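Scroll down for the structure; my scribbles are underneath it.
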Amino acid sequence: MRYLTAGESHGPVLTAIIEGLPAGLAINEEYINQQLVRRQGGYGRGGRMQIERDQVKFLSGIRGGFTLGGPVTLQIENRDWVNWQEVMTAGLEARLTQRVVTKPRPGHADLSGALKYDHQDIRNVLERASARDTAARVAVGSVARRLLEELDIEIVGQVVRIGKVALPEEEAGKTEQQVARVKKFNLWLKERREILASSPTLCLDQETDLAMQKEIDLARAKGDSLGGVFEIHAYGLPPGLGSYVQWDRRLDTRLAAALMSVQAIKGVEIGAGFACAALAGSVVHDEIFFSTERGFYRLTNNAGGLEGGVTNGEPIVLRAAMKPIPTLNTPLRSVDLISKEPFAAAVERADVCAVPAACVVGEAVVAWELAVACLEKYGGDSLNELKANWENYLAYLEVRGWKLESSSVGVRKKYH
Ligand code: EPS
């Protein structure tokens, strides 16, 4: 399964084509729109999100509410297009001398993009480099999420840090506390979703949520911007997705790449991640136990559900660090592309903080990689074929001593 996205931030539409989806998957536009709304929200967004009302339109590959097996085309309109039409239109009549950008903003693709593609107008770079494209990626990821639901796989994301404000567990370190948190959250998936849906920063802890909002207000008042860290958990993955036999088949390779590909992400961790480096092996590795009742089980999940690039049956735990948005109201020093004169970057419309939005994008790109891994493992041209292969594999695992009931798949079924 693969996909491409296309579109400029102020062009008429964003488009994505997905190829390789099995036939027979029930999907509707409303399902995708719910995720698009989540991406548009979050505390700290700027003026552009007042204009856009992202909604997907299916243009191919779906009939009567079910996928056909052919390429699925998704389209999202840019409402801002009406304000940019004359400048952005594809025809020769485009007013290319208007809204020209020659002042590269530090932290954006502006300077390297203009040099790489031989552009004199940085608009030709920023239009495609823009995080506007993440709307298309969320639409694509939502299709993958729908497929994963059929296999009882759930993904949930949360913001754990914005600027200097972080969840108390963050400050405490990541071994015991993190394990306890992962376990607790496993039982509380439904409640977690409800709390997160009402948190403007996508943070589970109310006190931290309020402190994060204050931090964003402070940054806004100072004309500054903020980054942060979000965490994605995936539940319901049996052991055996991904492979250690080749570097590019390792699931952690793909998940890390997917998260790194999201605009402004500068770091990714899996499980206890960078904290592992400071700890002894005896503390880090998740010991293996067995009982006839539970089958194979673990008491810790520092590996974040991945060993040797393969899922081990524990929840997947990923984190991504987002840098502060580089478009600032406090000008940074830069140099004009054409005149080579130094200047202080002009004040522009921008988000103060887009970490909650990036978390929704993170969920989407993780959903995509997990759906690809499932299709590779189980195969099938139709959903029925995929599910039959999946159930067959779960039955095989049970024979080998890995029990669905005591795994995160089973726990989910019991509690939700
Ligand atoms: C972005 C700049 C802003 C953001 C945009 C990403 O857009 P504009 O230049 O139109 O003000 O709002 O994000 C989105 C449009 C979006 O949908 O998330 C950038 O430079 O990356």
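A note on labels: chains of the structure tokens are A, B, ... as shown, every chain counts residues from 1, and ligands are counted from 1 in their shown order.
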
Against segment 193-197 of chain A, which residues of segment 37-102 of chain A fall within 12 Å? For each one I want the closest pair of atoms and the distance in Å (one decimal), counting only C-alpha atoms, rows by chain and increasing residue number, as a Markdown table.
```
| residue | atom | partner | partner_atom | distance |
| --- | --- | --- | --- | --- |
| A:Val37 | CA | A:Ala197 | CA | 11.1 |
| A:Arg38 | CA | A:Ala197 | CA | 8.4 |
| A:Arg39 | CA | A:Ala197 | CA | 11.6 |
| A:Gly41 | CA | A:Ala197 | CA | 10.4 |
| A:Gly42 | CA | A:Ala197 | CA | 10.0 |
```

Can I get the selection written as a PDB file, in the first residue's frame, with N, CA, C and O atoms?
```pdb
ATOM      1  N   VAL A  37     -11.024  17.732  11.720  1.00  0.00           N
ATOM      2  CA  VAL A  37     -11.408  18.761  12.694  1.00  0.00           C
ATOM      3  C   VAL A  37     -10.428  18.757  13.862  1.00  0.00           C
ATOM      4  O   VAL A  37      -9.992  19.808  14.334  1.00  0.00           O
ATOM      5  N   ARG A  38     -10.062  17.570  14.318  1.00  0.00           N
ATOM      6  CA  ARG A  38      -9.111  17.474  15.434  1.00  0.00           C
ATOM      7  C   ARG A  38      -7.792  18.153  15.059  1.00  0.00           C
ATOM      8  O   ARG A  38      -7.188  18.851  15.847  1.00  0.00           O
ATOM      9  N   ARG A  39      -7.330  17.928  13.831  1.00  0.00           N
ATOM     10  CA  ARG A  39      -6.053  18.503  13.397  1.00  0.00           C
ATOM     11  C   ARG A  39      -6.122  20.027  13.332  1.00  0.00           C
ATOM     12  O   ARG A  39      -5.136  20.713  13.605  1.00  0.00           O
ATOM     13  N   GLY A  41      -7.762  21.942  15.235  1.00  0.00           N
ATOM     14  CA  GLY A  41      -7.935  22.562  16.545  1.00  0.00           C
ATOM     15  C   GLY A  41      -6.641  22.622  17.334  1.00  0.00           C
ATOM     16  O   GLY A  41      -5.546  22.598  16.792  1.00  0.00           O
ATOM     17  N   GLY A  42      -6.819  22.684  18.637  1.00  0.00           N
ATOM     18  CA  GLY A  42      -5.665  22.757  19.540  1.00  0.00           C
ATOM     19  C   GLY A  42      -5.361  24.191  19.901  1.00  0.00           C
ATOM     20  O   GLY A  42      -5.497  25.093  19.067  1.00  0.00           O
TER      21      GLY A  42
END
```

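For ligand 1, the neighbouring protein, DNA and RNA residues, which are those within 6 Å when only C-alpha atoms and all ligand atoms are counted, are A:Arg48, A:Ser130, A:Ala131, A:Arg132, A:Ala135, A:Arg349, A:Ala350, A:Asp351.
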
Quiz item: atom CA of Val72 of chain A and atom CA of Leu375 of chain A are how many Å apart?
Solution: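 Interatomic distance, atom CA of Val72 of chain A to atom CA of Leu375 of chain A: 16.4 Å.
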
Quiz item: Within 10 Å of Leu25 of chain A, counting only C-alpha atoms, which residues qualify if same-chain residues fewer than 2 places away don't, as a PyMOL selection string?
Solution: chain A and resi 21-23+27-28+62+65-69+143+146-147+150+382-384

Show which residues sit within 9 Å of segment 257-272 of chain A, as a PDB file with C-alpha atoms, in the first residue's frame. Count only C-alpha atoms, and ignore same-chain residues fewer than 6 positions away.
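The new file result_39.pdb reads:
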```pdb
ATOM      1  CA  GLY A 107      13.939  27.423  10.394  1.00  0.00           C
ATOM      2  CA  HIS A 108      11.901  27.086   7.188  1.00  0.00           C
ATOM      3  CA  ALA A 129       6.923  22.882   2.252  1.00  0.00           C
ATOM      4  CA  SER A 130       4.044  24.221   4.378  1.00  0.00           C
ATOM      5  CA  ALA A 131       2.482  22.070   7.090  1.00  0.00           C
ATOM      6  CA  THR A 134      -0.550  17.544   6.923  1.00  0.00           C
ATOM      7  CA  LYS A 174      10.701   7.331  32.151  1.00  0.00           C
ATOM      8  CA  THR A 175      11.188   3.941  33.648  1.00  0.00           C
ATOM      9  CA  GLN A 178       6.139   5.337  32.286  1.00  0.00           C
ATOM     10  CA  GLY A 227       7.404  23.463  20.441  1.00  0.00           C
ATOM     11  CA  VAL A 284      16.054  -1.332  30.721  1.00  0.00           C
ATOM     12  CA  ASN A 301       7.438  -2.001  28.342  1.00  0.00           C
ATOM     13  CA  ASN A 302      10.613   0.041  28.077  1.00  0.00           C
ATOM     14  CA  ALA A 303      11.064  -1.327  24.548  1.00  0.00           C
ATOM     15  CA  GLY A 304       7.891   0.485  23.526  1.00  0.00           C
ATOM     16  CA  GLY A 305       6.400  -2.658  22.003  1.00  0.00           C
ATOM     17  CA  LEU A 306       9.247  -3.234  19.542  1.00  0.00           C
ATOM     18  CA  ILE A 316       3.732   0.572  20.863  1.00  0.00           C
ATOM     19  CA  VAL A 317       4.954   3.763  22.533  1.00  0.00           C
ATOM     20  CA  LEU A 318       6.436   6.525  20.370  1.00  0.00           C
ATOM     21  CA  ARG A 319       7.373  10.120  21.074  1.00  0.00           C
ATOM     22  CA  ALA A 320       8.195  12.978  18.791  1.00  0.00           C
ATOM     23  CA  ALA A 321       9.756  16.352  19.587  1.00  0.00           C
ATOM     24  CA  MET A 322       8.511  19.354  17.629  1.00  0.00           C
ATOM     25  CA  LYS A 323      10.603  22.478  17.301  1.00  0.00           C
ATOM     26  CA  PRO A 324       8.941  25.860  17.876  1.00  0.00           C
ATOM     27  CA  ILE A 325       7.156  27.221  14.783  1.00  0.00           C
ATOM     28  CA  PRO A 326       9.797  29.237  12.897  1.00  0.00           C
ATOM     29  CA  ALA A 358       1.080  17.704  15.173  1.00  0.00           C
ATOM     30  CA  VAL A 361      -0.828  14.172  12.421  1.00  0.00           C
ATOM     31  CA  GLY A 362       1.456  11.810  14.360  1.00  0.00           C
ATOM     32  CA  VAL A 365       1.204   8.716  10.056  1.00  0.00           C
ATOM     33  CA  VAL A 366       1.625   5.971  12.663  1.00  0.00           C
ATOM     34  CA  TRP A 368      -0.550   4.434   8.062  1.00  0.00           C
ATOM     35  CA  GLU A 369       2.667   2.548   8.850  1.00  0.00           C
TER      36      GLU A 369
END
```

Quiz item: Residues of segment 6-78 of chain A in strand (DSSP E or B) according to DSSP, as a PyMOL selection string?
Solution: chain A and resi 6+13-19+23+26+56-60+62-63+66-67+72-77

Quiz item: Near segment 50-58 of chain A, within 9 Å and counting only C-alpha atoms, which residues show up once chain neighbours fewer than 3 positions away are dropped, as a ChimeraX atom specification?
Solution: /A:28-30,32-34,36-37,40,45-47,61-62,72-80,135-136,139

Quiz prompt | segment 72-155 of chain A: residues DSSP assigns to helix (DSSP H, G or I), reported as a PyMOL selection string | solution = chain A and resi 79-83+85-88+110-117+123-129+131-150
